[in-house]
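Visitor: The structure file protein05.cif (mmCIF, C-alpha atoms) is provided below.
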data_entry
#
loop_
_atom_site.label_atom_id
_atom_site.label_comp_id
_atom_site.auth_asym_id
_atom_site.auth_seq_id
_atom_site.Cartn_x
_atom_site.Cartn_y
_atom_site.Cartn_z
CA MET A 1 -24.31 6.82 -37.76
CA GLN A 2 -25.36 10.44 -37.82
CA ASN A 3 -27.38 10.09 -41.06
CA ASN A 4 -29.42 7.25 -39.52
CA ARG A 5 -30.93 9.52 -36.89
CA PRO A 6 -34.72 9.74 -37.25
CA PHE A 7 -34.59 13.41 -36.24
CA GLU A 8 -31.79 15.81 -35.34
CA ARG A 9 -33.86 18.06 -33.09
CA ILE A 10 -37.30 18.19 -31.55
CA ASP A 11 -39.60 21.03 -32.53
CA THR A 12 -42.81 19.46 -31.26
CA ILE A 13 -44.15 16.18 -29.92
CA PHE A 14 -47.87 15.65 -30.31
CA LEU A 15 -49.77 12.79 -28.75
CA ASP A 16 -52.97 12.85 -30.78
CA ARG A 17 -55.90 11.11 -29.08
CA VAL A 18 -53.87 8.04 -28.14
CA THR A 19 -55.58 5.09 -26.48
CA LYS A 20 -54.09 1.87 -25.12
CA ARG A 21 -56.27 -0.91 -23.69
CA TYR A 22 -55.47 -4.19 -22.00
CA GLY A 23 -58.65 -6.19 -22.35
CA SER A 24 -61.48 -4.08 -20.97
CA VAL A 25 -59.13 -1.80 -19.02
CA ALA A 26 -57.96 1.47 -20.59
CA ALA A 27 -54.38 2.20 -19.53
CA VAL A 28 -54.54 5.43 -21.57
CA GLU A 29 -57.79 6.84 -22.91
CA ASN A 30 -58.03 9.41 -25.73
CA LEU A 31 -55.04 11.38 -24.49
CA SER A 32 -53.83 14.46 -26.39
CA LEU A 33 -50.76 16.39 -25.32
CA GLU A 34 -48.44 18.79 -27.17
CA ILE A 35 -44.86 19.25 -25.97
CA ASP A 36 -42.53 21.97 -27.19
CA GLY A 37 -38.95 21.29 -28.20
CA GLY A 38 -36.54 21.83 -25.30
CA GLU A 39 -39.29 21.49 -22.71
CA LEU A 40 -39.13 19.27 -19.65
CA ILE A 41 -42.62 18.05 -18.93
CA CYS A 42 -43.38 15.91 -15.89
CA LEU A 43 -46.12 13.28 -16.01
CA ILE A 44 -47.61 12.81 -12.55
CA GLY A 45 -50.49 10.78 -11.18
CA GLY A 46 -51.36 7.87 -8.96
CA SER A 47 -50.52 4.24 -9.58
CA GLY A 48 -52.24 3.02 -12.73
CA SER A 49 -52.88 6.53 -14.04
CA GLY A 50 -51.14 5.82 -17.37
CA LYS A 51 -47.86 7.71 -16.88
CA THR A 52 -45.46 4.98 -17.94
CA THR A 53 -47.70 3.75 -20.75
CA THR A 54 -47.81 7.29 -22.16
CA LEU A 55 -44.02 7.58 -21.91
CA ARG A 56 -43.40 4.24 -23.64
CA MET A 57 -45.63 5.14 -26.55
CA CYS A 58 -43.10 7.88 -27.35
CA ASN A 59 -40.40 5.33 -28.28
CA ARG A 60 -42.73 2.55 -29.47
CA LEU A 61 -42.04 0.20 -26.57
CA ILE A 62 -45.83 0.27 -26.41
CA GLU A 63 -47.96 0.82 -29.51
CA PRO A 64 -51.25 2.72 -29.14
CA ASP A 65 -54.42 0.91 -30.19
CA SER A 66 -55.64 4.14 -31.72
CA GLY A 67 -54.39 7.67 -32.16
CA ARG A 68 -50.95 8.85 -33.21
CA VAL A 69 -47.67 10.03 -31.72
CA LEU A 70 -46.07 12.66 -33.94
CA ILE A 71 -42.57 14.08 -33.66
CA ASN A 72 -41.96 17.12 -35.84
CA GLY A 73 -45.12 16.12 -37.68
CA ALA A 74 -43.89 12.59 -38.51
CA ASP A 75 -45.96 9.63 -37.29
CA LEU A 76 -43.72 7.34 -35.22
CA LYS A 77 -45.32 4.35 -36.94
CA THR A 78 -43.35 5.33 -40.05
CA ILE A 79 -40.02 5.15 -38.18
CA ASP A 80 -38.20 1.87 -37.56
CA PRO A 81 -38.64 1.19 -33.81
CA VAL A 82 -35.07 -0.03 -33.27
CA ARG A 83 -33.62 3.05 -34.94
CA LEU A 84 -36.01 5.24 -32.95
CA ARG A 85 -34.98 3.71 -29.61
CA ARG A 86 -31.27 3.86 -30.34
CA HIS A 87 -31.58 7.61 -30.81
CA THR A 88 -33.96 8.22 -27.90
CA GLY A 89 -32.50 8.37 -24.41
CA TYR A 90 -34.29 6.13 -21.91
CA VAL A 91 -33.67 6.09 -18.15
CA ILE A 92 -35.59 3.88 -15.73
CA GLN A 93 -35.70 3.47 -11.96
CA SER A 94 -34.05 0.05 -12.02
CA ILE A 95 -31.27 1.51 -14.22
CA GLY A 96 -30.66 -1.75 -16.08
CA LEU A 97 -26.86 -1.66 -16.27
CA PHE A 98 -25.29 -4.86 -17.58
CA PRO A 99 -23.47 -6.37 -14.57
CA HIS A 100 -20.80 -8.12 -16.66
CA MET A 101 -19.80 -4.87 -18.41
CA THR A 102 -17.67 -2.06 -17.04
CA VAL A 103 -19.04 1.47 -16.73
CA GLY A 104 -17.30 2.42 -19.96
CA GLU A 105 -18.69 -0.60 -21.80
CA ASN A 106 -22.22 0.10 -20.56
CA ILE A 107 -22.13 3.70 -21.74
CA GLY A 108 -20.43 2.89 -25.04
CA LEU A 109 -22.66 -0.03 -25.98
CA ILE A 110 -24.95 1.73 -28.47
CA PRO A 111 -22.20 3.86 -30.06
CA HIS A 112 -20.27 0.63 -30.69
CA ARG A 113 -23.34 -0.94 -32.28
CA GLU A 114 -23.74 2.14 -34.45
CA GLY A 115 -20.28 1.59 -35.83
CA TRP A 116 -18.28 4.23 -33.99
CA ASP A 117 -14.54 3.60 -33.85
CA GLU A 118 -12.90 2.88 -30.50
CA GLU A 119 -11.29 6.29 -30.09
CA ARG A 120 -14.56 8.13 -30.73
CA VAL A 121 -16.41 5.92 -28.25
CA LYS A 122 -13.78 6.41 -25.56
CA LYS A 123 -13.87 10.19 -26.03
CA ARG A 124 -17.67 10.27 -25.81
CA VAL A 125 -17.76 8.04 -22.72
CA SER A 126 -15.22 10.26 -20.94
CA GLU A 127 -17.21 13.40 -21.84
CA LEU A 128 -20.39 11.91 -20.43
CA LEU A 129 -18.78 10.68 -17.22
CA ARG A 130 -17.49 14.19 -16.56
CA LEU A 131 -20.96 15.56 -17.32
CA VAL A 132 -22.51 13.38 -14.62
CA ALA A 133 -19.70 14.15 -12.12
CA LEU A 134 -17.95 10.77 -12.30
CA PRO A 135 -14.24 11.26 -13.15
CA PRO A 136 -13.46 8.78 -15.98
CA GLU A 137 -10.02 7.98 -14.58
CA THR A 138 -11.77 6.64 -11.48
CA PHE A 139 -14.98 5.10 -12.82
CA LEU A 140 -14.35 4.02 -16.43
CA SER A 141 -13.23 0.48 -15.56
CA ARG A 142 -15.47 -0.17 -12.58
CA TYR A 143 -18.35 -2.64 -12.65
CA PRO A 144 -21.90 -1.75 -11.56
CA ARG A 145 -21.54 -3.81 -8.36
CA GLU A 146 -18.71 -1.46 -7.32
CA LEU A 147 -20.94 1.63 -7.51
CA SER A 148 -23.37 3.18 -5.06
CA GLY A 149 -27.02 3.61 -6.04
CA GLY A 150 -26.48 7.26 -6.93
CA GLN A 151 -23.41 6.46 -9.01
CA GLN A 152 -25.29 3.74 -10.87
CA GLN A 153 -28.08 6.20 -11.67
CA ARG A 154 -25.53 8.69 -13.01
CA VAL A 155 -24.10 5.99 -15.26
CA GLY A 156 -27.62 5.16 -16.45
CA LEU A 157 -28.15 8.79 -17.40
CA ALA A 158 -24.78 8.94 -19.16
CA ARG A 159 -25.66 5.81 -21.16
CA ALA A 160 -29.00 7.35 -22.18
CA LEU A 161 -27.13 10.40 -23.50
CA ALA A 162 -24.50 8.40 -25.40
CA MET A 163 -25.94 9.08 -28.87
CA ASP A 164 -26.71 12.73 -28.01
CA PRO A 165 -30.45 12.05 -28.41
CA PRO A 166 -32.78 14.99 -29.01
CA LEU A 167 -35.42 13.25 -26.86
CA LEU A 168 -34.91 11.86 -23.36
CA LEU A 169 -37.53 9.66 -21.64
CA MET A 170 -37.13 9.21 -17.88
CA ASP A 171 -39.34 6.86 -15.85
CA GLU A 172 -39.00 7.64 -12.13
CA PRO A 173 -35.19 7.60 -12.38
CA PHE A 174 -34.61 8.81 -8.81
CA GLY A 175 -37.55 7.01 -7.20
CA ALA A 176 -35.53 4.28 -5.48
CA LEU A 177 -33.00 6.63 -3.87
CA ASP A 178 -33.13 8.02 -0.35
CA PRO A 179 -34.55 11.56 -0.07
CA LEU A 180 -31.21 13.32 0.48
CA LEU A 181 -29.53 11.66 -2.48
CA ARG A 182 -32.63 12.16 -4.62
CA HIS A 183 -32.55 15.88 -3.92
CA GLN A 184 -28.84 16.04 -4.78
CA LEU A 185 -29.34 14.23 -8.10
CA GLN A 186 -32.28 16.47 -8.95
CA ASP A 187 -30.03 19.51 -8.51
CA GLU A 188 -27.32 17.92 -10.65
CA PHE A 189 -29.87 16.95 -13.28
CA LEU A 190 -31.15 20.53 -13.55
CA LYS A 191 -27.60 21.66 -14.33
CA ILE A 192 -27.19 18.88 -16.90
CA LYS A 193 -30.52 19.87 -18.47
CA GLN A 194 -29.19 23.38 -19.05
CA VAL A 195 -26.09 21.95 -20.74
CA ILE A 196 -27.76 19.42 -23.03
CA GLY A 197 -30.85 21.48 -23.94
CA ARG A 198 -32.96 18.45 -24.85
CA THR A 199 -36.68 17.69 -24.82
CA ILE A 200 -37.46 15.56 -21.76
CA LEU A 201 -40.51 13.57 -20.64
CA PHE A 202 -40.17 12.71 -16.97
CA VAL A 203 -42.48 10.35 -15.09
CA THR A 204 -42.75 10.83 -11.34
CA HIS A 205 -45.15 10.22 -8.49
CA ASP A 206 -43.33 12.82 -6.37
CA LEU A 207 -45.01 16.23 -6.29
CA GLU A 208 -41.90 18.05 -5.08
CA GLU A 209 -39.83 16.46 -7.86
CA ALA A 210 -42.37 17.51 -10.49
CA PHE A 211 -42.29 21.08 -9.19
CA ARG A 212 -38.51 21.22 -9.01
CA LEU A 213 -37.83 19.81 -12.44
CA GLY A 214 -40.81 20.42 -14.71
CA ASP A 215 -41.33 23.39 -16.98
CA ARG A 216 -44.90 22.10 -17.05
CA VAL A 217 -46.66 19.29 -15.23
CA ALA A 218 -49.23 16.98 -16.82
CA VAL A 219 -51.68 15.35 -14.39
CA LEU A 220 -53.04 11.92 -15.34
CA ASP A 221 -55.89 10.09 -13.64
CA GLN A 222 -57.24 6.68 -14.67
CA GLY A 223 -55.61 6.92 -18.08
CA ARG A 224 -56.87 10.39 -18.92
CA LEU A 225 -55.01 13.69 -19.09
CA VAL A 226 -56.81 15.84 -16.54
CA GLN A 227 -54.78 19.07 -16.65
CA VAL A 228 -51.44 20.38 -17.85
CA GLY A 229 -49.80 23.60 -16.78
CA THR A 230 -47.09 25.26 -14.74
CA PRO A 231 -46.98 24.43 -11.02
CA ASP A 232 -48.65 27.68 -10.00
CA GLU A 233 -51.40 27.21 -12.60
CA LEU A 234 -52.17 23.79 -11.18
CA LEU A 235 -52.10 25.04 -7.61
CA PHE A 236 -54.18 28.15 -8.10
CA SER A 237 -56.51 26.96 -10.86
CA PRO A 238 -57.12 23.20 -10.51
CA VAL A 239 -59.76 22.03 -12.97
CA ASN A 240 -61.41 19.64 -10.53
CA ALA A 241 -61.28 18.20 -7.03
CA ALA A 242 -58.93 15.37 -8.07
CA VAL A 243 -56.24 17.85 -9.14
CA ALA A 244 -56.82 20.00 -6.06
CA ASN A 245 -56.42 16.95 -3.80
CA LEU A 246 -53.29 15.76 -5.62
CA PHE A 247 -51.59 19.10 -5.17
CA GLY A 248 -52.98 19.78 -1.73
CA SER A 249 -54.64 22.96 -2.97
CA GLY A 250 -57.38 22.52 -0.43
CA ALA A 251 -55.03 22.12 2.52
CA LYS A 252 -51.36 22.97 2.11
CA TYR A 253 -52.00 26.19 0.24
CA ARG A 254 -55.17 27.30 1.98
CA HIS A 255 -53.08 29.55 4.25
CA LEU A 256 -51.25 31.17 1.34
CA ASP A 257 -53.63 34.11 1.40
CA ARG A 258 -52.37 34.88 4.92
CA LEU A 259 -48.69 34.96 3.96
CA THR A 260 -46.80 38.05 2.83
CA VAL A 261 -44.09 38.35 0.21
CA ARG A 262 -41.57 38.69 3.06
CA ASP A 263 -42.50 35.19 4.27
CA LEU A 264 -41.55 33.60 0.95
CA MET A 265 -38.78 35.79 -0.45
CA SER A 266 -35.07 34.96 -0.48
CA ARG A 267 -32.48 37.54 0.50
CA VAL A 268 -30.67 39.32 -2.32
CA LEU A 269 -27.18 40.75 -2.68
CA VAL A 270 -27.35 44.54 -3.19
CA LEU A 271 -24.60 46.22 -5.23
CA ASP A 272 -23.89 49.84 -6.08
CA GLY A 273 -24.41 50.65 -9.73
CA GLY A 274 -20.82 51.85 -10.04
CA VAL A 275 -19.38 48.39 -9.34
CA SER A 276 -17.67 46.88 -12.38
CA ALA A 277 -19.04 43.79 -14.08
CA GLY A 278 -15.90 41.85 -13.20
CA ASN A 279 -16.11 42.68 -9.49
CA ALA A 280 -19.85 41.98 -9.47
CA ALA A 281 -19.18 38.49 -10.86
CA ILE A 282 -16.63 37.85 -8.11
CA LEU A 283 -19.03 39.04 -5.39
CA LEU A 284 -21.87 36.91 -6.73
CA ASP A 285 -19.62 33.85 -6.87
CA GLN A 286 -18.43 34.46 -3.31
CA ARG A 287 -22.02 34.62 -2.12
CA GLN A 288 -23.02 31.71 -4.37
CA SER A 289 -25.79 33.94 -5.66
CA SER A 290 -27.27 34.05 -9.13
CA ILE A 291 -28.91 37.50 -8.87
CA ALA A 292 -27.98 40.88 -7.42
CA ALA A 293 -30.04 44.04 -7.04
CA ILE A 294 -28.51 47.27 -8.32
CA VAL A 295 -28.87 50.60 -6.51
CA SER A 296 -27.58 53.95 -7.81
CA ASP A 297 -27.86 57.12 -5.74
CA GLY A 298 -30.24 55.35 -3.41
CA VAL A 299 -32.62 54.30 -6.18
CA ALA A 300 -33.17 50.67 -7.23
CA GLN A 301 -32.21 50.26 -10.89
CA GLY A 302 -33.12 46.61 -11.41
CA VAL A 303 -31.08 43.41 -11.26
CA ILE A 304 -28.18 41.61 -12.89
CA GLU A 305 -27.89 37.84 -13.26
CA ARG A 306 -24.64 35.92 -12.89
CA ASP A 307 -25.23 33.91 -16.06
CA GLY A 308 -23.78 35.86 -18.93
CA LEU A 309 -21.92 38.32 -16.71
CA THR A 310 -18.31 38.49 -17.88
CA ALA A 311 -15.20 40.16 -16.50
CA GLY A 312 -14.81 43.81 -17.42
CA GLU A 313 -14.80 47.38 -16.17
CA GLN A 314 -18.28 48.25 -17.40
CA ALA A 315 -20.47 49.65 -14.61
CA ILE A 316 -23.27 47.27 -13.74
CA SER A 317 -25.79 50.13 -13.77
CA THR A 318 -25.57 49.96 -17.56
CA LEU A 319 -26.38 46.23 -17.45
CA ALA A 320 -29.41 46.44 -15.17
CA THR A 321 -32.53 44.55 -16.20
CA ASP A 322 -35.95 45.90 -15.28
CA VAL A 323 -38.07 43.49 -13.24
CA PRO A 324 -41.35 43.93 -11.36
CA MET A 325 -40.91 45.47 -7.92
CA VAL A 326 -43.20 44.48 -5.07
CA ALA A 327 -43.45 45.43 -1.42
CA ALA A 328 -42.36 42.98 1.27
CA SER A 329 -45.70 43.54 2.96
CA ASP A 330 -47.76 42.64 -0.13
CA GLY A 331 -49.89 39.50 -0.02
CA ALA A 332 -48.04 36.44 -1.30
CA GLU A 333 -50.91 34.87 -3.21
CA ALA A 334 -51.91 38.04 -5.07
CA THR A 335 -48.27 38.78 -5.92
CA ILE A 336 -47.60 35.29 -7.26
CA ARG A 337 -50.74 35.49 -9.40
CA MET A 338 -49.62 38.89 -10.70
CA LEU A 339 -46.19 37.56 -11.65
CA ARG A 340 -47.81 34.61 -13.42
CA ASP A 341 -50.00 36.97 -15.43
CA LEU A 342 -46.93 39.02 -16.36
CA ALA A 343 -44.96 35.84 -17.23
CA ALA A 344 -42.24 37.26 -14.96
CA PRO A 345 -39.86 34.67 -13.45
CA PHE A 346 -39.25 36.73 -10.32
CA ALA A 347 -39.73 40.13 -8.66
CA LEU A 348 -37.47 42.44 -6.69
CA VAL A 349 -38.81 42.83 -3.14
CA MET A 350 -38.67 46.34 -1.69
CA GLU A 351 -38.90 47.66 1.85
CA HIS A 352 -38.72 51.39 2.58
CA ASP A 353 -37.61 51.96 -1.04
CA HIS A 354 -34.66 49.59 -0.60
CA PRO A 355 -34.29 46.11 -2.19
CA VAL A 356 -34.31 43.36 0.41
CA GLY A 357 -35.06 40.18 -1.50
CA ILE A 358 -36.20 38.24 -4.55
CA LEU A 359 -39.53 36.48 -4.89
CA ASN A 360 -39.34 33.52 -7.25
CA PRO A 361 -42.87 32.05 -7.50
CA ALA A 362 -41.70 28.55 -8.41
CA GLU A 363 -39.26 28.37 -5.50
CA ALA A 364 -41.77 29.97 -3.13
CA LEU A 365 -44.45 27.40 -3.92
CA LEU A 366 -41.95 24.57 -3.76
CA SER A 367 -41.02 25.63 -0.24
CA LEU A 368 -44.62 24.98 0.79
CA VAL A 369 -44.82 21.47 -0.67
#
Just give me the structure as structure tokens.
Guide:
Amino acid sequence: MQNNRPFERIDTIFLDRVTKRYGSVAAVENLSLEIDGGELICLIGGSGSGKTTTLRMCNRLIEPDSGRVLINGADLKTIDPVRLRRHTGYVIQSIGLFPHMTVGENIGLIPHREGWDEERVKKRVSELLRLVALPPETFLSRYPRELSGGQQQRVGLARALAMDPPLLLMDEPFGALDPLLRHQLQDEFLKIKQVIGRTILFVTHDLEEAFRLGDRVAVLDQGRLVQVGTPDELLFSPVNAAVANLFGSGAKYRHLDRLTVRDLMSRVLVLDGGVSAGNAAILLDQRQSSIAAIVSDGVAQGVIERDGLTAGEQAISTLATDVPMVAASDGAEATIRMLRDLAAPFALVMEHDHPVGILNPAEALLSLV
């Protein structure tokens, strides 16, 4: 029931000097990490680095030998572990669907155990199947053996979201899928993340996946937290050789100082400032673009973003947002560092005083992985 939830929302998660040993081997050693509510943080590292152990200490599947895990300031040791797990989403690589249950029964299992009536469960299951792009009229009564690997993983995610948990733990959920399907599910997951707005800990060994999905990335090595930061912080400012080697900073990105902004930018739709908001939305949708540059009387005014743009006759010049402007010939590395320092998500790329593209540092770096 709703009043049995250990927490309604996540403000902070704090792993406070947690240690877990198995005999003489430290799986996790004196690890401290603070996670903001609504953040997706990826835990990455080699085999045996402590990623999964760290994740499982956040729902008490593993208890630390020392240290504390705090959610909103409350020590998880004070919360009943069964209640905690029922209200924490958990997705694993092997999925773990019950083969003798239908898709609907798998997703509705915990709501049933929490005492929801049949109509409420059915409504919630249908909502979640639509969220993960599985039409309920087609998939509700199927069994796991009748699903592809990607469909099974979608059902696993839907089941993890059944109780609308404020915290979602994901342990290499796409790791067993082929690269093409993995990329597709990552894209779908990013859209779902925007819809659900939950705090997510995501274990992966895949660098590209960590860059695509993570707001921040935490690097673990031999049970210790080595560094945590945004992808560009880790690439440009690795704390030691281990981090540099993991992210290829000494090889893949060595040539970055020889690239220009033009090499890494994406083309941008350019609209006259007199275009109405409604027509701009149509043009962006037709181009499948999320951003357009605005020009009035030959002068760049800024950009508009498709999100939040509604139909109407208002001229888009009045809706323009100022963003940094950089030259296409500028050095890529220096420009990305500048945008990081400004905390700017992207810049408008100019050539001969005319907008020609957008430089998104995260996407630019990902293209080099």
Visitor: Please identify all polymer residues within 9 Å of range 172-185 of chain A, counting all atoms listed in the file, omitting same-chain residues fewer than 2 positions from it, and present them as a ChimeraX atom specification.
Guide: /A:91-95,149-150,153-154,156-157,170,187-190,202-206,209
Visitor: Keeping only C-alpha atoms, write the selected residues as a short mmCIF file (atom, residue, chain, number, x, y, z; two decimals), in the frame of the given file.
Guide:
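After the write, part10.cif holds the following:
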data_model
loop_
_atom_site.label_atom_id
_atom_site.label_comp_id
_atom_site.auth_asym_id
_atom_site.auth_seq_id
_atom_site.Cartn_x
_atom_site.Cartn_y
_atom_site.Cartn_z
CA VAL A 91 -33.67 6.09 -18.15
CA ILE A 92 -35.59 3.88 -15.73
CA GLN A 93 -35.70 3.47 -11.96
CA SER A 94 -34.05 0.05 -12.02
CA ILE A 95 -31.27 1.51 -14.22
CA GLY A 149 -27.02 3.61 -6.04
CA GLY A 150 -26.48 7.26 -6.93
CA GLN A 153 -28.08 6.20 -11.67
CA ARG A 154 -25.53 8.69 -13.01
CA GLY A 156 -27.62 5.16 -16.45
CA LEU A 157 -28.15 8.79 -17.40
CA MET A 170 -37.13 9.21 -17.88
CA ASP A 187 -30.03 19.51 -8.51
CA GLU A 188 -27.32 17.92 -10.65
CA PHE A 189 -29.87 16.95 -13.28
CA LEU A 190 -31.15 20.53 -13.55
CA PHE A 202 -40.17 12.71 -16.97
CA VAL A 203 -42.48 10.35 -15.09
CA THR A 204 -42.75 10.83 -11.34
CA HIS A 205 -45.15 10.22 -8.49
CA ASP A 206 -43.33 12.82 -6.37
CA GLU A 209 -39.83 16.46 -7.86
#
Visitor: Between A:Arg9, A:Lys20, A:Lys51, A:Arg337, which has the minimum distance to Asp36 in chain A (counting all atoms listed in the file)?
Guide: A:Arg9
Visitor: What's around range 355-369 of chain A at 9 Å? Count all atoms listed in the file, leave out sequence neighbours fewer than 4 positions away in its own chain, and write the answer as a count of residues only.
Guide: 41
Visitor: Could you tell me which residues the PyMOL selection byres ((chain A and resi 275-289) around 6) grabs in this file, written as a list of chain:residue names?
Guide: A:Asp272, A:Gly273, A:Gly274, A:Ser290, A:Ile291, A:Ala311, A:Gly312, A:Glu313, A:Gln314, A:Ala315, A:Ile316
Visitor: Written as a list in words, what is the full residue list that the PyMOL selection byres ((chain A and resi 45) around 9) yields on the file shown?
Guide: Leu43, Ile44, Gly46, Ser47, Gly48, Ser49, Gly50, Lys51, Val203, Thr204, His205, Asp206, Ala218, Val219, Leu220, Asp221, Gln222 and Leu246 of chain A
Visitor: With distances taken over all atoms listed in the file, which of A:Ala133, A:Leu55, A:Val303, A:Ala327 is nearest to Asp171 in chain A?
Guide: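 When distances to Asp171 in chain A are compared using all atoms listed in the file, the smallest one comes from A:Leu55.
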Visitor: Give me the box for range 351-356 of chain A as AutoDock Vina command-line options, namely the centre and edge lengths in Å to one decimal of a box along x, y and z that holds every listed atom plus 4 Å on each side.
Guide:
--center_x -36.6 --center_y 47.7 --center_z 0.2 --size_x 12.6 --size_y 16.6 --size_z 12.8
Visitor: With the PyMOL selection byres ((chain A and resi 80) around 12) as the selection, what would be picked from this file? Answer as a list in words, please.
Guide: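 Selection result, ordered by chain and number: Asn4, Arg5, Pro6, Asn59, Arg60, Leu61, Asp75, Leu76, Lys77, Thr78, Ile79, Pro81, Val82, Arg83, Leu84, Arg85, Arg86 and His87 of chain A.
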Visitor: Can you tell me which residues surround Arg120 in chain A at a distance of at most 10 Å, considering only C-alpha atoms, apart from same-chain residues fewer than 5 positions away, and format the answer as number ranges by chain?
Guide: A: 108, 111-112, 125
Visitor: Please, could you write that set of residues out with C-alpha atoms as a compact mmCIF listing (two decimals), in the frame of the given file?
Guide:
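The resulting file, result.txt, is reproduced below:
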# COMPACT_ATOMS: atom_id res chain seq x y z
CA GLY A 108 -20.43 2.89 -25.04
CA PRO A 111 -22.20 3.86 -30.06
CA HIS A 112 -20.27 0.63 -30.69
CA VAL A 125 -17.76 8.04 -22.72
Visitor: Could you check the closest approach to Leu225 in chain A for each of A:Thr12, A:Ser317, A:Asn30, A:Pro136 and tell me which residue wins, using only C-alpha atoms?
Guide: A:Asn30
Visitor: What lies within 9 Å of Ile35 in chain A using all atoms listed in the file, ignoring chain neighbours under 5 positions off, as a list in words?
Guide: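 Once the nearby chain positions are removed, what remains is Asp11, Thr12, Ile13, Phe14, Leu15, Leu40, Ile41, Thr199 and Leu201 of chain A.
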Visitor: State, in Å with one decimal place, the distance from CA of Asp215 in chain A to CA of Gly89 in chain A.
Guide: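 Separation of CA of Asp215 in chain A and CA of Gly89 in chain A: 18.9 Å.
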